[in-house]
Amino acid sequence: MDNYQLLKDLKPCKEFFTGIDSDGCVFDTMEIKQKEFFIPCGIKYFNLFPISGTVRETWEFVNLYSVYRGLNRFPALVKVFELLGQRKEVKEAGVELPEMETLKEWIKGETRLGNESLRNYCKKNTDPSLHTVLEWSEEINKDISKWLKAISPFRNAPECIRKISHDADCIVVSQTPLEALEREWKEHGIDRFVRFIAGQEHGTKTEHIALGAKGKYPDDSILVIGDAPGDMKAAMDNNVLFYPVIPGKEVVSWGRLKNEAFDRFLSGSFRGVYQARLLKEFKKALPETPQWER
């Protein structure tokens, strides 16, 4: 069945709606996945051993500690190589970075940025760099599925999600592959609190909200919960509300949502001064300029 249609077919059961991100928001997995799987696999597949330290610093900035946090893995990969191409350490080492132009073309024309759609694209395109990207991405999924088990949700998150589910229709809104999402949410018994799990196979987060909630609930009855600018963008693109789980302050953020912010959402006093204060704190935690340029 068409994944877009599954979201379109969701019918409101409650007065309110929440879309909840997963990696780095509910689960303390973002740093582990990037540092232990994405980066080592990238260094290996793209032959970046001579500049591994610079790669790690750049990769972590893009995917964890900047405005690019939470970006889909393929645009994030392009951004990593864009920044690496500007770094003197790479130029001094004489390392040739992989060509990303074909990948950029695919990203520009595709919204469901996952392995399946890239695999289909590779059948029509013989560019070896594109096939390397696919191999890298498939290896990451394979390794994470094999080795990453029982990573607990952030403290306060399960209780908060349980509370939210009493008053709102909840879905997962993520760019993580669906298989990993379903496994992680089921593993910790919190899948029962959500009506639907939307992964990268279901399109962008903006599309998840647009198809699953927009027009079905009043805008101020729709809340997106996330830890990355992409989550905020999904909310702003749809003119709905956004609650940030602040990187580095996840436990506090979930506690604040449980004890204060969600009640404001239900009472209609979330938009305006209150949300603006939260967004200011969120943006301060994720700079645009890398530390090596400050």
# chains A, B, ... in the order shown; residues from 1 in each chain; ligands from 1
$ residues_around --residues "stretch 41-45 of chain A" --least-positions-apart "2" --cutoff "9 Å" --atoms "only C-alpha atoms" --output "PyMOL selection string"
chain A and resi 36-39+47-49+51-52+55-56+132-133+135-137+139-140
$ select_by_dssp --residues "stretch 75-229 of chain A" --states "strand (DSSP E)" --output "ChimeraX atom specification"
/A:168-173,196-198,222-226
$ closest_atom_pairs --of "stretch 105-218 of chain A" --to "stretch 264-286 of chain A" --cutoff "12 Å" --atoms "only C-alpha atoms" --output "Markdown table"
| residue | atom | partner | partner_atom | distance |
| --- | --- | --- | --- | --- |
| A:Lys163 | CA | A:Leu266 | CA | 11.9 |
| A:Ile164 | CA | A:Leu266 | CA | 9.9 |
| A:His166 | CA | A:Leu266 | CA | 11.5 |
| A:Asp167 | CA | A:Leu266 | CA | 8.3 |
| A:Ala168 | CA | A:Leu266 | CA | 9.2 |
| A:Pro218 | CA | A:Gly268 | CA | 11.0 |
$ closest_residue --among "A:Tyr121, A:Trp292, A:Phe154, A:Trp106" --to "A:Gly248" --atoms "only C-alpha atoms"
A:Phe154
$ select_by_dssp --residues "stretch 154-213 of chain A" --states "helix (DSSP H, G or I)" --output "MDAnalysis selection string"
chainID A and resid 157:167 178:187 191:193 200:202 205:212
$ residues_around --residues "A:Ile197" --least-positions-apart "2" --cutoff "8 Å" --atoms "only C-alpha atoms" --output "ChimeraX atom specification"
/A:171-173,178,181-182,194-195,199
$ residues_around --residues "stretch 84-90 of chain A" --least-positions-apart "6" --cutoff "12 Å" --atoms "only C-alpha atoms" --output "list in words"
Leu48, Phe49, Pro50, Ile51, Ser52, Gly53, Thr54, Val55, Arg56, Glu57, Thr58, Trp59, Phe61, Val62, Leu77, Val78, Glu96, Leu97, Pro98, Glu99, Met100, Pro290, Trp292 and Glu293 of chain A
$ residues_around --residues "stretch 252-260 of chain A" --least-positions-apart "6" --cutoff "7 Å" --atoms "only C-alpha atoms" --output "list in words"
Asn156, Ala157, Cys160, Val245 and Ile246 of chain A
$ atom_distance --atom1 "atom CA of A:Leu64" --atom2 "atom CA of A:Glu250"
13.6 Å
$ residues_around --residues "A:Asp227" --least-positions-apart "2" --cutoff "8 Å" --atoms "only C-alpha atoms" --output "MDAnalysis selection string"
chainID A and resid 21 24:25 70 225 229 231 244:247
$ atom_distance --atom1 "atom CA of A:Glu60" --atom2 "atom CA of A:Tyr243"
23.6 Å
$ residues_around --residues "A:Thr111" --least-positions-apart "4" --cutoff "10 Å" --atoms "only C-alpha atoms" --output "ChimeraX atom specification"
/A:106-107,117,200-204,207
$ closest_residue --among "A:Ile161, A:Val26, A:Leu103, A:Leu10" --to "A:Gly226" --atoms "only C-alpha atoms"
A:Val26
$ closest_residue --among "A:Cys122, A:Val224, A:Ala213, A:Met232" --to "A:Lys14" --atoms "only C-alpha atoms"
A:Ala213
$ atom_distance --atom1 "atom CA of A:Glu187" --atom2 "atom CA of A:Ala150"
7.2 Å
$ closest_residue --among "A:Glu110, A:Arg73, A:Asp28, A:Ala93" --to "A:Asn141" --atoms "only C-alpha atoms"
A:Arg73
